[in-house]
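This is model-v3.txt. It holds compact mmCIF, C-alpha atoms.
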# COMPACT_ATOMS: atom_id res chain seq x y z
CA MET A 195 46.14 -217.61 -91.00
CA GLY A 196 46.94 -220.35 -88.47
CA LYS A 197 48.86 -219.54 -85.31
CA ILE A 198 52.02 -221.60 -84.77
CA ILE A 199 52.72 -222.50 -81.15
CA ALA A 200 55.93 -224.34 -80.23
CA ILE A 201 55.85 -226.32 -76.98
CA ALA A 202 59.37 -226.27 -75.61
CA ASN A 203 61.43 -227.00 -72.53
CA GLN A 204 64.85 -228.65 -72.70
CA LYS A 205 64.17 -230.26 -69.32
CA GLY A 206 62.66 -233.71 -69.87
CA GLY A 207 59.64 -235.09 -68.03
CA VAL A 208 57.74 -231.82 -67.66
CA GLY A 209 54.61 -232.86 -69.59
CA LYS A 210 55.64 -231.35 -72.93
CA THR A 211 54.39 -234.14 -75.20
CA THR A 212 51.34 -234.74 -73.00
CA THR A 213 50.52 -231.06 -73.47
CA ALA A 214 51.16 -231.14 -77.22
CA ILE A 215 48.84 -234.12 -77.78
CA ASN A 216 46.05 -233.05 -75.46
CA LEU A 217 46.07 -229.34 -76.28
CA ALA A 218 45.92 -230.18 -80.00
CA ALA A 219 43.09 -232.66 -79.42
CA SER A 220 41.16 -230.23 -77.22
CA LEU A 221 41.45 -227.41 -79.77
CA ALA A 222 40.13 -229.80 -82.43
CA VAL A 223 37.21 -230.86 -80.20
CA LEU A 224 36.42 -227.15 -79.86
CA GLU A 225 36.02 -227.13 -83.66
CA LYS A 226 39.38 -225.66 -84.62
CA LYS A 227 41.43 -227.09 -87.47
CA VAL A 228 44.69 -228.23 -85.91
CA LEU A 229 48.00 -229.64 -87.09
CA LEU A 230 50.31 -231.31 -84.57
CA ILE A 231 53.94 -231.52 -85.70
CA ASP A 232 56.01 -234.13 -83.88
CA ALA A 233 59.50 -232.58 -83.95
CA ASP A 234 60.95 -234.96 -81.37
CA PRO A 235 63.01 -238.03 -82.45
CA GLN A 236 61.39 -240.01 -79.61
CA ALA A 237 58.15 -239.76 -81.66
CA ASN A 238 55.95 -239.88 -78.56
CA SER A 239 53.32 -237.57 -80.07
CA THR A 240 53.18 -239.94 -83.04
CA SER A 241 52.67 -243.08 -80.93
CA GLY A 242 50.41 -241.16 -78.53
CA LEU A 243 47.99 -240.64 -81.42
CA ASN A 244 48.06 -244.35 -82.28
CA PHE A 245 50.57 -244.28 -85.15
CA ASP A 246 53.53 -246.64 -85.22
CA PRO A 247 56.60 -244.47 -85.93
CA ASP A 248 58.28 -247.39 -87.73
CA SER A 249 55.39 -247.81 -90.18
CA THR A 250 55.62 -244.16 -91.30
CA THR A 251 59.13 -244.62 -92.73
CA LYS A 252 59.91 -242.23 -95.60
CA LYS A 253 56.92 -240.01 -94.76
CA THR A 254 57.92 -238.17 -91.61
CA ILE A 255 59.11 -234.74 -90.54
CA TYR A 256 62.67 -236.03 -90.99
CA GLU A 257 62.22 -236.39 -94.76
CA THR A 258 60.68 -232.91 -94.89
CA LEU A 259 63.54 -231.27 -93.00
CA ILE A 260 66.22 -232.79 -95.25
CA GLY A 261 64.28 -231.71 -98.34
CA GLU A 262 63.08 -235.06 -99.67
CA ILE A 263 59.31 -234.55 -99.37
CA GLU A 264 56.81 -231.69 -98.95
CA LEU A 265 55.28 -231.26 -95.51
CA ARG A 266 51.72 -231.60 -96.81
CA GLU A 267 52.59 -235.05 -98.20
CA ILE A 268 53.41 -236.51 -94.78
CA LEU A 269 50.22 -235.40 -92.98
CA VAL A 270 47.92 -238.07 -91.59
CA SER A 271 44.39 -237.74 -90.19
CA THR A 272 43.74 -238.80 -86.59
CA GLU A 273 40.72 -240.21 -84.77
CA ILE A 274 39.63 -236.69 -83.91
CA ALA A 275 37.96 -234.74 -86.70
CA GLY A 276 39.96 -231.64 -87.56
CA LEU A 277 43.24 -232.90 -86.06
CA SER A 278 46.10 -233.82 -88.42
CA LEU A 279 49.56 -235.09 -87.52
CA ALA A 280 52.99 -234.67 -89.07
CA PRO A 281 54.65 -237.83 -87.67
CA SER A 282 58.21 -238.29 -86.46
CA HIS A 283 60.74 -241.12 -86.45
CA ILE A 284 64.00 -241.93 -84.64
CA ASN A 285 65.78 -240.95 -87.91
CA LEU A 286 65.16 -237.36 -86.89
CA VAL A 287 68.24 -237.64 -84.66
CA GLY A 288 70.34 -237.62 -87.84
CA ALA A 289 68.72 -234.45 -89.16
CA GLU A 290 70.76 -232.35 -86.72
CA ILE A 291 73.91 -233.36 -88.66
CA GLU A 292 72.40 -233.50 -92.15
CA MET A 293 71.01 -229.98 -91.85
CA LEU A 294 74.42 -228.47 -91.13
CA ASN A 295 75.08 -228.01 -94.86
CA ILE A 296 71.62 -226.61 -95.71
CA ALA A 297 71.44 -222.87 -96.44
CA GLU A 298 69.44 -220.99 -93.78
CA ARG A 299 69.08 -224.25 -91.86
CA GLU A 300 67.27 -222.51 -88.98
CA ARG A 301 64.40 -221.59 -91.32
CA VAL A 302 63.73 -224.94 -93.02
CA LEU A 303 60.62 -225.78 -90.97
CA GLY A 304 59.25 -222.24 -91.27
CA LYS A 305 59.52 -222.36 -95.06
CA ALA A 306 57.88 -225.80 -95.14
CA LEU A 307 54.95 -224.43 -93.12
CA THR A 308 54.32 -221.37 -95.27
CA SER A 309 51.89 -223.05 -97.65
CA LEU A 310 50.01 -224.82 -94.82
CA ARG A 311 49.20 -221.92 -92.53
CA GLU A 312 45.96 -221.12 -94.36
CA MET A 313 44.70 -224.68 -93.85
CA PHE A 314 44.76 -224.64 -90.04
CA ASP A 315 43.65 -222.47 -87.13
CA TYR A 316 46.46 -223.75 -84.90
CA ILE A 317 49.74 -225.51 -85.64
CA ILE A 318 51.27 -227.07 -82.52
CA ILE A 319 54.94 -228.14 -82.58
CA ASP A 320 56.10 -230.70 -80.02
CA CYS A 321 59.81 -229.92 -79.60
CA SER A 322 62.49 -232.32 -78.41
CA PRO A 323 63.94 -231.90 -74.89
CA SER A 324 67.05 -230.14 -76.23
CA LEU A 325 67.99 -226.78 -77.68
CA GLY A 326 69.43 -228.17 -80.92
CA ILE A 327 68.85 -227.10 -84.52
CA ILE A 328 65.39 -228.70 -84.77
CA THR A 329 64.11 -226.87 -81.69
CA ILE A 330 65.66 -223.66 -83.07
CA ASN A 331 63.75 -224.36 -86.32
CA ALA A 332 60.51 -224.68 -84.34
CA LEU A 333 61.13 -221.42 -82.46
CA THR A 334 62.05 -219.64 -85.69
CA ALA A 335 58.86 -220.87 -87.38
CA ALA A 336 56.57 -220.18 -84.41
CA ASP A 337 54.48 -217.16 -83.50
CA SER A 338 54.76 -218.08 -79.83
CA VAL A 339 56.20 -220.63 -77.42
CA LEU A 340 54.31 -222.40 -74.65
CA ILE A 341 56.56 -223.50 -71.78
CA PRO A 342 55.41 -226.38 -69.53
CA VAL A 343 56.74 -226.08 -65.97
CA GLN A 344 56.51 -229.13 -63.71
CA CYS A 345 55.28 -228.46 -60.17
CA GLU A 346 58.40 -229.99 -58.66
CA TYR A 347 61.31 -228.76 -56.58
CA PHE A 348 63.66 -228.17 -59.53
CA ALA A 349 60.95 -226.60 -61.70
CA LEU A 350 62.78 -223.37 -62.45
CA GLU A 351 66.12 -225.07 -63.02
CA GLY A 352 67.11 -224.69 -66.66
CA LEU A 353 64.35 -222.20 -67.44
CA GLY A 354 66.95 -219.43 -67.63
CA LYS A 355 68.78 -221.28 -70.41
CA LEU A 356 65.54 -221.72 -72.37
CA LEU A 357 64.61 -218.07 -71.94
CA ASN A 358 68.09 -217.04 -73.13
CA THR A 359 67.65 -219.23 -76.22
CA ILE A 360 64.25 -217.64 -76.88
CA LYS A 361 65.88 -214.19 -76.56
CA LEU A 362 68.61 -215.18 -79.04
CA VAL A 363 66.00 -216.42 -81.52
CA GLN A 364 64.04 -213.18 -81.07
CA ASN A 365 67.16 -211.09 -81.69
CA ARG A 366 68.58 -213.01 -84.64
CA LEU A 367 65.92 -215.12 -86.33
CA ASN A 368 62.34 -214.31 -85.32
CA GLN A 369 61.67 -210.87 -83.88
CA SER A 370 57.94 -211.53 -83.58
CA LEU A 371 58.32 -214.64 -81.37
CA GLN A 372 56.34 -214.24 -78.14
CA ILE A 373 55.82 -216.34 -75.05
CA GLU A 374 52.32 -217.79 -75.22
CA GLY A 375 52.54 -218.61 -71.54
CA PHE A 376 53.97 -220.78 -68.80
CA LEU A 377 51.87 -223.87 -68.08
CA LEU A 378 52.06 -225.46 -64.63
CA THR A 379 51.91 -229.26 -65.02
CA MET A 380 51.80 -232.39 -62.82
CA PHE A 381 50.26 -230.45 -59.94
CA ASP A 382 49.35 -232.35 -56.74
CA GLY A 383 47.51 -230.03 -54.38
CA ARG A 384 48.22 -232.32 -51.41
CA LEU A 385 51.93 -231.53 -51.60
CA ARG A 386 53.15 -228.38 -49.90
CA HIS A 387 56.12 -227.96 -52.23
CA ALA A 388 53.83 -228.20 -55.31
CA ASN A 389 51.83 -225.26 -53.98
CA LEU A 390 55.05 -223.38 -53.26
CA VAL A 391 56.23 -223.92 -56.86
CA VAL A 392 52.92 -222.58 -58.20
CA GLU A 393 53.27 -219.53 -55.96
CA GLU A 394 56.89 -218.97 -56.99
CA VAL A 395 56.19 -219.28 -60.73
CA ARG A 396 53.17 -216.95 -60.51
CA ASN A 397 55.17 -214.40 -58.50
CA HIS A 398 58.05 -214.57 -60.96
CA PHE A 399 56.17 -214.55 -64.28
CA GLY A 400 52.82 -212.96 -63.30
CA ASP A 401 50.26 -212.71 -66.12
CA MET A 402 52.42 -214.87 -68.38
CA VAL A 403 51.33 -217.96 -66.38
CA PHE A 404 48.14 -219.67 -67.60
CA ASN A 405 45.23 -219.72 -65.15
CA THR A 406 44.76 -223.39 -66.02
CA VAL A 407 46.92 -225.81 -64.01
CA ILE A 408 47.36 -229.40 -65.23
CA GLN A 409 46.80 -231.74 -62.29
CA ARG A 410 48.32 -235.17 -61.79
CA ASN A 411 45.73 -237.58 -63.15
CA VAL A 412 45.77 -241.35 -63.68
CA ARG A 413 43.64 -241.20 -66.83
CA LEU A 414 45.93 -238.57 -68.32
CA SER A 415 49.08 -240.61 -67.69
CA GLU A 416 47.62 -243.89 -68.99
CA ALA A 417 46.02 -242.46 -72.17
CA PRO A 418 49.24 -242.65 -74.30
CA SER A 419 49.46 -246.41 -73.72
CA PHE A 420 46.09 -246.66 -75.51
CA GLY A 421 47.28 -244.39 -78.33
CA LYS A 422 44.65 -241.80 -77.48
CA PRO A 423 44.42 -238.24 -76.21
CA VAL A 424 42.81 -238.21 -72.77
CA ILE A 425 39.60 -236.71 -74.17
CA LEU A 426 39.01 -239.93 -76.15
CA HIS A 427 40.23 -242.15 -73.31
CA ASP A 428 38.05 -240.59 -70.59
CA ALA A 429 36.18 -237.44 -71.57
CA VAL A 430 35.05 -236.62 -68.03
CA SER A 431 38.44 -237.06 -66.33
CA THR A 432 40.28 -234.26 -64.57
CA GLY A 433 43.01 -234.36 -67.22
CA SER A 434 40.47 -233.97 -70.01
CA ASN A 435 38.84 -230.99 -68.28
CA ASN A 436 42.23 -229.38 -67.58
CA TYR A 437 43.27 -229.46 -71.23
CA LEU A 438 39.87 -228.31 -72.50
CA ASN A 439 40.17 -225.34 -70.14
CA LEU A 440 43.68 -224.63 -71.44
CA ALA A 441 42.43 -224.77 -75.04
CA LYS A 442 39.59 -222.35 -74.21
CA GLU A 443 42.06 -220.02 -72.50
CA ILE A 444 44.31 -220.01 -75.58
CA ILE A 445 41.35 -219.45 -77.94
CA ASN A 446 40.08 -216.55 -75.82
CA LYS A 447 43.55 -215.05 -75.56
CA ASN A 448 44.04 -215.15 -79.32
CA SER A 449 40.59 -213.85 -80.24
CA ASN A 450 41.08 -210.56 -78.39
Please go through the file and, once you have read it, give me the structure as structure tokens.
Amino acid sequence: MGKIIAIANQKGGVGKTTTAINLAASLAVLEKKVLLIDADPQANSTSGLNFDPDSTTKKTIYETLIGEIELREILVSTEIAGLSLAPSHINLVGAEIEMLNIAERERVLGKALTSLREMFDYIIIDCSPSLGIITINALTAADSVLIPVQCEYFALEGLGKLLNTIKLVQNRLNQSLQIEGFLLTMFDGRLRHANLVVEEVRNHFGDMVFNTVIQRNVRLSEAPSFGKPVILHDAVSTGSNNYLNLAKEIINKNSN
């Protein structure tokens, strides 16, 4: 049965979508069957895998969440063998309101995923930078949550709110939800404060922090403009190696 990992942080600009795209691609390159669900109205995971969000109208995660279409019917294959995408669209903004009248609205995504878990080794959910009903759906459906933490001065700001939300979901909706790990992103070893953030996060969260650190990398930041994961854009780049190492770390962690 596939493991569902939500990638969440309500703070924007921490490398959440970059992580979703490149972790999913790296797991697929390592011969895992992977589904990436774009649960963000900005649809950056969709465009980052070379799909135009506007051309996927009527076959997106929005239609699934409001009950118009089955999740399996919206899946599209990507350039990487073994990697499928459930695309998003700006319409997803409206789902927050439309889902208010749905019974057990926090469990809609989880129910939609039930029949697909056997088809994939990993299901990665790219959450929006908010703690609204769609992110709550992702956390309720997930086995674990991966939290990207930017190596910047305000890195830990807002983490308390996210951790409180995770605790609420654990208490009320999904007792088995675990933290997959904290991922340090956008690391620049030349900067003293970046090293201090790494030290502070590791001291605070200990073994819950991944060994892999995602470094600042030009190839990694330019890959989305080509509609490709970094491993297709430049397979030998630092960014590509970082995410392959993260994928291996997650595979090893989950095979024990």
Next on the checklist: Report as a PyMOL selection string all protein, DNA and RNA residues lying within 12 Å of segment 383-387 of chain A, evaluated on only C-alpha atoms, omitting residues in the same chain fewer than 6 positions from it.
Outcome noted: chain A and resi 344-349+393-394+407-411
Checklist entry - Near Asn439 of chain A, counting only C-alpha atoms, which residues have an atom at most 12 Å away, once you skip same-chain residues fewer than 2 positions from it, shown as a ChimeraX atom specification? => result /A:216-217,220-221,223-224,377,404-408,432-437,441-446
Item to check | One-decimal distance in Å that lies between atom CA of Tyr316 of chain A and atom CA of Ile198 of chain A | outcome: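 Between atom CA of Ile198 of chain A and atom CA of Tyr316 of chain A the gap is 6.0 Å.
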Checklist entry - Between atom CA of Gln369 of chain A and atom CA of Thr334 of chain A, what is the distance, to one decimal in Å? => result 9.0 Å
Next on the checklist: Residues within 12 Å of Gly304 of chain A, please, as an MDAnalysis selection string. Count all atoms listed in the file; anything in the same chain fewer than 4 positions from it doesn't count.
Outcome noted: chainID A and resid 198 200 258:259 265 298:300 308:311 317 319 328:337 367:368
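Nearest residue to Lys227 of chain A, choosing from A:Leu340, A:Val430, A:Ala275, A:Val391 and counting all atoms listed in the file: A:Ala275.
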Checklist entry - Using only C-alpha atoms, which residues sit within 8 Å of segment 320-326 of chain A once same-chain residues fewer than 5 positions away are excluded, as a list of chain:residue names? => result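 Listed by chain and then number, they are A:Ala200, A:Ile201, A:Ala202, A:Asn203, A:Gln204, A:Lys205, A:Gly206, A:Lys210, A:Thr211, A:Ala214, A:Leu230, A:Ile231, A:Asp232, A:Ala233, A:Asp234, A:Pro235, A:Gln236, A:Ser239, A:Glu290, A:Ala332, A:Leu356, A:Thr359.
Atom CA of Ile255 of chain A is found 18.1 Å from atom CA of Ala297 of chain A.
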Checklist entry - With all atoms listed in the file as the basis for distance, which of A:Leu362, A:Ile274, A:Leu390, A:Ile373 is at the shortest distance from Ala222 of chain A? => result A:Ile274
Checklist entry - Could you pull the residues within 12 Å of Lys252 of chain A, counting only C-alpha atoms, minus those fewer than 2 positions along the same chain, as number ranges by chain? => result A: 247-250, 254-265, 267-268, 281-286
Next on the checklist: Restricting the calculation to all atoms listed in the file: of A:Met380, A:Ala289, A:Ile360, A:Ile327, which residue gets closest to Arg301 of chain A?
Outcome noted: A:Ile327
Per residue of segment 221-309 of chain A within 8 Å of segment 412-426 of chain A, note the shortest atom pair and the distance in Å to one decimal, counting only C-alpha atoms, and order the rows by chain and increasing residue number, as JSON lines.
{"residue": "A:Ser241", "atom": "CA", "partner": "A:Gly421", "partner_atom": "CA", "distance": 6.1}
{"residue": "A:Gly242", "atom": "CA", "partner": "A:Gly421", "partner_atom": "CA", "distance": 4.5}
{"residue": "A:Leu243", "atom": "CA", "partner": "A:Gly421", "partner_atom": "CA", "distance": 4.9}
{"residue": "A:Asn244", "atom": "CA", "partner": "A:Gly421", "partner_atom": "CA", "distance": 4.0}
{"residue": "A:Phe245", "atom": "CA", "partner": "A:Gly421", "partner_atom": "CA", "distance": 7.6}
Checklist entry - Of the residues A:Ile341, A:Val228, A:Val208, A:Leu350, which is the one nearest to Phe314 of chain A, using all atoms listed in the file? => result A:Val228
